[in-house]
Every structure is written in C-alpha cells, then in structure tokens.
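S.K.: A single structure is presented below for examination.
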Amino acid sequence: MIVLNGQHSDVRAGETIVAVLARLGLEADARGVAVAVDDEVVPRAAWESFALGEDARVEVLTAMQGG
Amino acid sequence: MAEPLSPALAGASDGTCASARSVAAPAQDVAEPAQDVLRIAGRSMRSRLFLGTGGFPSLELLAEAIAVSGCELVTVALRRVDPGARGSLMDVIADAGVELLPNTAGCMTARDAVITARLAREAFATDWIKLEVIGDEDTLLPDAPELLRAAEQLVDEGFVVLPYTTDDPVLARRLADIGCAAVLPLGSPIGSGMGIRNPYNIALIREAVDLPVVLDAGVGTASDAALAMELGCDAVMAASAISRAQDPVAMARAMRAAVEAGRLARGAGRIPRRLYATASTPEQGLPEFGA
C-alpha cells in the first residue's frame, strides 16, 4: 500500500511522480513543489521517470505561510 | 555631588541597555541610508526587515504588508499539498518581487530539518534555508545540539544556513564557526510578543560573531524592533507581530520605520546611561539674584 501525504492511497506501484501530482491536481511543472519518496528527495528532472515501489511513502509538499 | 554610576551599572538599573562596551561605544559605522546595504552570503539588501508570512488572515493582507514593509525577504514553510487550498502564496511572493527564504519550521530533529531543507531547495530553487530545530513544543525553543548537527550537515551540502538560535553568545559562535551565513537569535519565544528579554546577550552575540545578526522571534511591537537595531543587530525578522496585529498593514509600516530609526540611532551613538542628571545648559553666565 502506497502512502501519500500520510494517507493510505490507491496509488499503484509503478505509477510515476507526475501521475501522483496529477491526482493532487498539480501540473508536472508545478512551481514551489517538492517530492520525497521514503525520505529521499526526488529531483524534478526525475518526476517523469521515477516509478513508485510497493509500500512507498510519498510526500508532496509546497509553500505555506510560515515564519 | 555623588559620582555618576558607571554606564554598565546605570544601565543595569533599568534592564534595557546593552553591555557596558556597547552603551559607552562611540558611533558605529553606519552608512547613510542610501548606501546602507545589508549583505548576506553575497546578496545585498536595502531593507533590514525580514517578514515572516505566517499568521496573516489572508493573502491579500500579506501582499499589502509586504509592500508597505519594504522588505525584500520573506519566509515560507513547506507543508503537504492541500488540493482544496485557494490562492497561491508563490504568486503573492512572485508578484511582490521579493526573495523567498524557506524555513524548517516544525522540525524537531536534525534529520527532519536536513530533509526539509533539501526539499525546500528542490521546491524553490534556492540554497537559502532558515534553519529551525525545535526542542520543546510549549516554548518552541531551539534544540542546540540538533541545531548544530543540522547546520553542519547543511553547510557541507552547500546551503546558505540562517539558523534560528537561542540568545546564547557561545552557541552563536559555534554556529558561526560551522560556516553559517548569519545568526538569528531569539528575543523571546516565537509569537510571544515579549520583546527582547535579555538585551545584554543580544549585544554579546553582536560582539561574538563577525556575521550578520538578525533578531528573530519575540518582537511584539515597533519599539522591540528599534531596540534590536540599537543593540547592533543587522536586521529584524517579524512575523506574528505584524500578521496578528489588529491592523497588520499599519504595523508593517511601523516596523519598517522602527528598524530604520533603530539602525540610525545605533550609528548615531547613544549617550551613556547615568543615574544622576547631567545639565545640558551651561552654568557659565548664570545670573545671581538677591545676593
């Protein structure tokens, strides 16, 4: 089971980061977005090719107001 | 007539002055406003007020506060994407033409802070990171050992590290030795509005490091920001003091004026504190009546 932003999701193993972003309503070139899989940053350049493994923990983050 | 107290002793009586050296210090080298530029890691800034974006009731108010504050650097946090969020903080910042300083707010370990910094670099294409590693959920005070560990790692990875730290001059020196680009000591706990609880330590930090010192956290109102600058800080970071004020835009304007006034006063060189009066009018030529 792939966990997306702390929630169990129906994202399947083999899906790319771009596909996950689309599920969140984000374009593949979204500004101010970063992705980590299993605590490792996935560079923007790899979003199209990076395929998620089973039980991946995916974090998709963006800018929020904060001091 | 009694001898006046030494500046240090007289200062200690009201609890708001700097160290003896600073109180008695001659005018510091502060350039005219037009040429007075703050430099951090090769970046030059005219404004010495940094704005935290947290706590603003709306993005519209944030945009207006950025504009009137004159700030050139604003902090942002990294959080999980909320598909239902409306408006874009990124757009507000881009439209304002200010630089963005991502933070690691909420991180309680060096490991989490380092991962967050790496993500921020990826998200915002900046090496700058306001490093926060919190050790206590009630006071949000920094965790010194974790902070040092994270700072060391991030400097190694090429980040421009601006650590939020306690008002401990020794810790500030350690952070400087590691290679941080500035130090950001707190005046009092984040969002407390308690001002600068230990101005002596802020003055000591100013003397302890040869880096920009940015007073971060605790500012409650304009006079706190002015005091920070008078103590020798190079800049002031304000978030809640502005965003949670009854009129955030008016407070942004006040903070801007306070930072500028405090900077000018630091350069002007304040008079030493004395317990007794020192007449400003000469006694020479004083007439005698009824002799």
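In the structure tokens, each chain is lettered A, B, ... as it comes, each chain's residues begin at 1, and ligands are numbered from 1 in order of appearance.
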Could you give me, as JSON lines, every chain B residue with an atom at most 8 Å from chain A, plus its closest atom pair and distance in Å to one decimal, counting only C-alpha atoms, rows ordered by chain then number?
M.R.:
```
{"residue": "B:Leu51", "atom": "CA", "partner": "A:Gly67", "partner_atom": "CA", "distance": 7.7}
{"residue": "B:Gly52", "atom": "CA", "partner": "A:Gly67", "partner_atom": "CA", "distance": 4.0}
{"residue": "B:Thr53", "atom": "CA", "partner": "A:Gln65", "partner_atom": "CA", "distance": 5.0}
{"residue": "B:Gly54", "atom": "CA", "partner": "A:Gly66", "partner_atom": "CA", "distance": 3.6}
{"residue": "B:Gly55", "atom": "CA", "partner": "A:Gly66", "partner_atom": "CA", "distance": 7.1}
{"residue": "B:Phe56", "atom": "CA", "partner": "A:Gln65", "partner_atom": "CA", "distance": 7.9}
{"residue": "B:Thr75", "atom": "CA", "partner": "A:Gly67", "partner_atom": "CA", "distance": 5.7}
{"residue": "B:Val76", "atom": "CA", "partner": "A:Gly66", "partner_atom": "CA", "distance": 5.0}
{"residue": "B:Ala77", "atom": "CA", "partner": "A:Gly66", "partner_atom": "CA", "distance": 4.9}
{"residue": "B:Leu78", "atom": "CA", "partner": "A:Ala63", "partner_atom": "CA", "distance": 4.9}
{"residue": "B:Arg79", "atom": "CA", "partner": "A:Leu61", "partner_atom": "CA", "distance": 5.1}
{"residue": "B:Arg80", "atom": "CA", "partner": "A:Leu61", "partner_atom": "CA", "distance": 4.3}
{"residue": "B:Val81", "atom": "CA", "partner": "A:Leu61", "partner_atom": "CA", "distance": 5.1}
{"residue": "B:Pro83", "atom": "CA", "partner": "A:Leu24", "partner_atom": "CA", "distance": 5.8}
{"residue": "B:Leu89", "atom": "CA", "partner": "A:Ala63", "partner_atom": "CA", "distance": 6.7}
{"residue": "B:Met90", "atom": "CA", "partner": "A:Gly32", "partner_atom": "CA", "distance": 6.8}
{"residue": "B:Asn103", "atom": "CA", "partner": "A:Gly67", "partner_atom": "CA", "distance": 7.5}
{"residue": "B:Ala105", "atom": "CA", "partner": "A:Gly66", "partner_atom": "CA", "distance": 7.5}
{"residue": "B:Ile115", "atom": "CA", "partner": "A:Asp39", "partner_atom": "CA", "distance": 7.0}
{"residue": "B:Arg118", "atom": "CA", "partner": "A:Val41", "partner_atom": "CA", "distance": 6.9}
{"residue": "B:Leu119", "atom": "CA", "partner": "A:Ala34", "partner_atom": "CA", "distance": 5.5}
{"residue": "B:Ala120", "atom": "CA", "partner": "A:Ala34", "partner_atom": "CA", "distance": 7.0}
{"residue": "B:Glu122", "atom": "CA", "partner": "A:Ala34", "partner_atom": "CA", "distance": 5.8}
{"residue": "B:Ala123", "atom": "CA", "partner": "A:Gly32", "partner_atom": "CA", "distance": 4.5}
{"residue": "B:Phe124", "atom": "CA", "partner": "A:Gly32", "partner_atom": "CA", "distance": 5.3}
{"residue": "B:Ala239", "atom": "CA", "partner": "A:Gly67", "partner_atom": "CA", "distance": 5.7}
{"residue": "B:Ser240", "atom": "CA", "partner": "A:Gly67", "partner_atom": "CA", "distance": 7.9}
```
S.K.: Restricting the output to C-alpha atoms, write the selected residues as a tab-separated table (two decimals), in the first residue's frame.
M.R.:
```tsv
chain	number	residue	atom	x	y	z
B	51	LEU	CA	8.89	39.34	7.06
B	52	GLY	CA	7.53	36.01	8.22
B	53	THR	CA	4.45	35.13	6.21
B	54	GLY	CA	2.80	33.07	8.96
B	55	GLY	CA	-0.40	34.21	10.64
B	56	PHE	CA	-1.76	36.64	8.05
B	75	THR	CA	9.92	33.29	4.92
B	76	VAL	CA	7.76	30.41	3.86
B	77	ALA	CA	7.19	26.95	5.29
B	78	LEU	CA	6.89	23.64	3.47
B	79	ARG	CA	3.75	21.63	4.09
B	80	ARG	CA	1.78	18.87	2.43
B	81	VAL	CA	-0.13	19.98	-0.65
B	83	PRO	CA	-5.71	20.18	-3.06
B	89	LEU	CA	1.46	32.05	-1.79
B	90	MET	CA	4.02	31.56	-4.55
B	103	ASN	CA	12.25	27.53	6.76
B	105	ALA	CA	9.54	25.16	10.95
B	115	ILE	CA	15.41	16.51	4.67
B	118	ARG	CA	16.72	19.55	0.74
B	119	LEU	CA	13.04	19.57	-0.27
B	120	ALA	CA	12.92	23.35	0.03
B	122	GLU	CA	14.15	21.47	-4.78
B	123	ALA	CA	10.83	23.30	-4.47
B	124	PHE	CA	12.10	26.87	-4.54
B	239	ALA	CA	6.04	37.60	11.68
B	240	SER	CA	3.31	37.43	14.32
```
S.K.: Report, in Å to a single decimal, how far apart CA of Val37 in chain B and CA of Ala258 in chain B are.
M.R.: 16.8 Å
S.K.: Just want the 10 Å neighbourhood of Met1 in chain A, counted on only C-alpha atoms, with same-chain residues fewer than 6 positions away dropped. Output as a count of residues only.
M.R.: 11
S.K.: Which residues are near Val92 in chain B? Cut-off 9 Å, only C-alpha atoms, ignore same chain within fewer than 4 positions. Put them as a PyMOL selection string.
M.R.: chain B and resi 59-60+62-63+87-88+96-97
S.K.: Next, the residues of the selection above should be written as a JSON list (two decimals), in the first residue's frame with N, CA and C atoms.
M.R.:
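Now in out-v5.json:
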```json
[["chain", "number", "residue", "atom", "x", "y", "z"],
["B", 59, "LEU", "N", -4.17, 36.25, 2.05],
["B", 59, "LEU", "CA", -3.04, 36.53, 1.15],
["B", 59, "LEU", "C", -3.06, 37.98, 0.70],
["B", 60, "GLU", "N", -4.25, 38.57, 0.64],
["B", 60, "GLU", "CA", -4.34, 39.99, 0.24],
["B", 60, "GLU", "C", -3.64, 40.87, 1.27],
["B", 62, "LEU", "N", -1.36, 39.90, 3.35],
["B", 62, "LEU", "CA", 0.07, 39.60, 3.28],
["B", 62, "LEU", "C", 0.72, 40.43, 2.18],
["B", 63, "ALA", "N", 0.08, 40.46, 1.02],
["B", 63, "ALA", "CA", 0.64, 41.21, -0.11],
["B", 63, "ALA", "C", 0.79, 42.68, 0.23],
["B", 87, "GLY", "N", -5.84, 30.24, -3.68],
["B", 87, "GLY", "CA", -4.82, 31.28, -3.77],
["B", 87, "GLY", "C", -3.44, 30.66, -3.69],
["B", 88, "SER", "N", -2.48, 31.37, -4.21],
["B", 88, "SER", "CA", -1.14, 30.84, -4.24],
["B", 88, "SER", "C", -0.16, 31.78, -3.55],
["B", 96, "ALA", "N", 5.17, 40.29, -5.66],
["B", 96, "ALA", "CA", 5.77, 41.32, -4.80],
["B", 96, "ALA", "C", 7.23, 41.58, -5.17],
["B", 97, "GLY", "N", 7.82, 40.65, -5.90],
["B", 97, "GLY", "CA", 9.21, 40.83, -6.31],
["B", 97, "GLY", "C", 10.19, 40.69, -5.17]]
```
S.K.: Which residues in chain A does DSSP call helix (DSSP H, G or I)? List them as a VMD selection string.
M.R.: chain A and resid 17 to 23 44 to 46
S.K.: Within range 16-120 of chain B, find each residue whose DSSP state, derived from the backbone, is strand (DSSP E or B), and express the selection as a list of chain:residue names.
M.R.: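 Matching residues for strand (DSSP E or B) in range 16-120 of chain B are B:Leu38, B:Arg39, B:Ile40, B:Arg43, B:Ser44, B:Met45, B:Leu49, B:Phe50, B:Leu51, B:Gly52, B:Leu73, B:Val74, B:Thr75, B:Val76, B:Ala77, B:Leu78, B:Arg79, B:Arg80, B:Glu99, B:Leu100, B:Leu101, B:Pro102, B:Asn103.
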S.K.: Would you mind exporting C-alpha atoms of the selected residues as a PDB file, in the first residue's frame?
M.R.:
```
ATOM      1  CA  LEU B  38      22.890  44.537   4.289  1.00  0.00           C
ATOM      2  CA  ARG B  39      24.982  41.750   2.791  1.00  0.00           C
ATOM      3  CA  ILE B  40      24.354  38.104   3.497  1.00  0.00           C
ATOM      4  CA  ARG B  43      23.199  39.004  -1.603  1.00  0.00           C
ATOM      5  CA  SER B  44      22.653  42.711  -0.972  1.00  0.00           C
ATOM      6  CA  MET B  45      19.505  44.047   0.619  1.00  0.00           C
ATOM      7  CA  LEU B  49      13.251  43.998   7.937  1.00  0.00           C
ATOM      8  CA  PHE B  50      12.503  40.374   7.089  1.00  0.00           C
ATOM      9  CA  LEU B  51       8.890  39.338   7.056  1.00  0.00           C
ATOM     10  CA  GLY B  52       7.529  36.008   8.215  1.00  0.00           C
ATOM     11  CA  LEU B  73      13.000  38.707   2.008  1.00  0.00           C
ATOM     12  CA  VAL B  74      10.030  36.692   3.260  1.00  0.00           C
ATOM     13  CA  THR B  75       9.924  33.294   4.920  1.00  0.00           C
ATOM     14  CA  VAL B  76       7.759  30.407   3.855  1.00  0.00           C
ATOM     15  CA  ALA B  77       7.193  26.952   5.293  1.00  0.00           C
ATOM     16  CA  LEU B  78       6.893  23.639   3.474  1.00  0.00           C
ATOM     17  CA  ARG B  79       3.748  21.631   4.091  1.00  0.00           C
ATOM     18  CA  ARG B  80       1.780  18.874   2.431  1.00  0.00           C
ATOM     19  CA  GLU B  99      13.105  36.812  -2.334  1.00  0.00           C
ATOM     20  CA  LEU B 100      11.859  33.747  -0.571  1.00  0.00           C
ATOM     21  CA  LEU B 101      13.515  32.209   2.483  1.00  0.00           C
ATOM     22  CA  PRO B 102      12.203  28.719   3.182  1.00  0.00           C
ATOM     23  CA  ASN B 103      12.249  27.531   6.758  1.00  0.00           C
TER      24      ASN B 103
END
```
S.K.: For each of A:Ile17, A:Ala28, A:Val37, A:Ala22, take the minimum atom-to-atom distance to Phe50 in chain A, counting only C-alpha atoms, then give the residue where this is smallest.
M.R.: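 Checking each candidate against Phe50 in chain A, we get A:Ile17 as the closest.
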S.K.: Which of these residues is nearest to Val213 in chain B, using only C-alpha atoms: B:Met255, B:Val155, B:Ala225, B:Leu162?
M.R.: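 Of B:Met255, B:Val155, B:Ala225, B:Leu162, the one nearest Val213 in chain B, counting only C-alpha atoms, is B:Leu162.
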S.K.: From the list B:Glu146, B:Glu207, B:Glu283, B:Glu64, which residue is nearest Ile134 in chain B when using only C-alpha atoms?
M.R.: B:Glu146
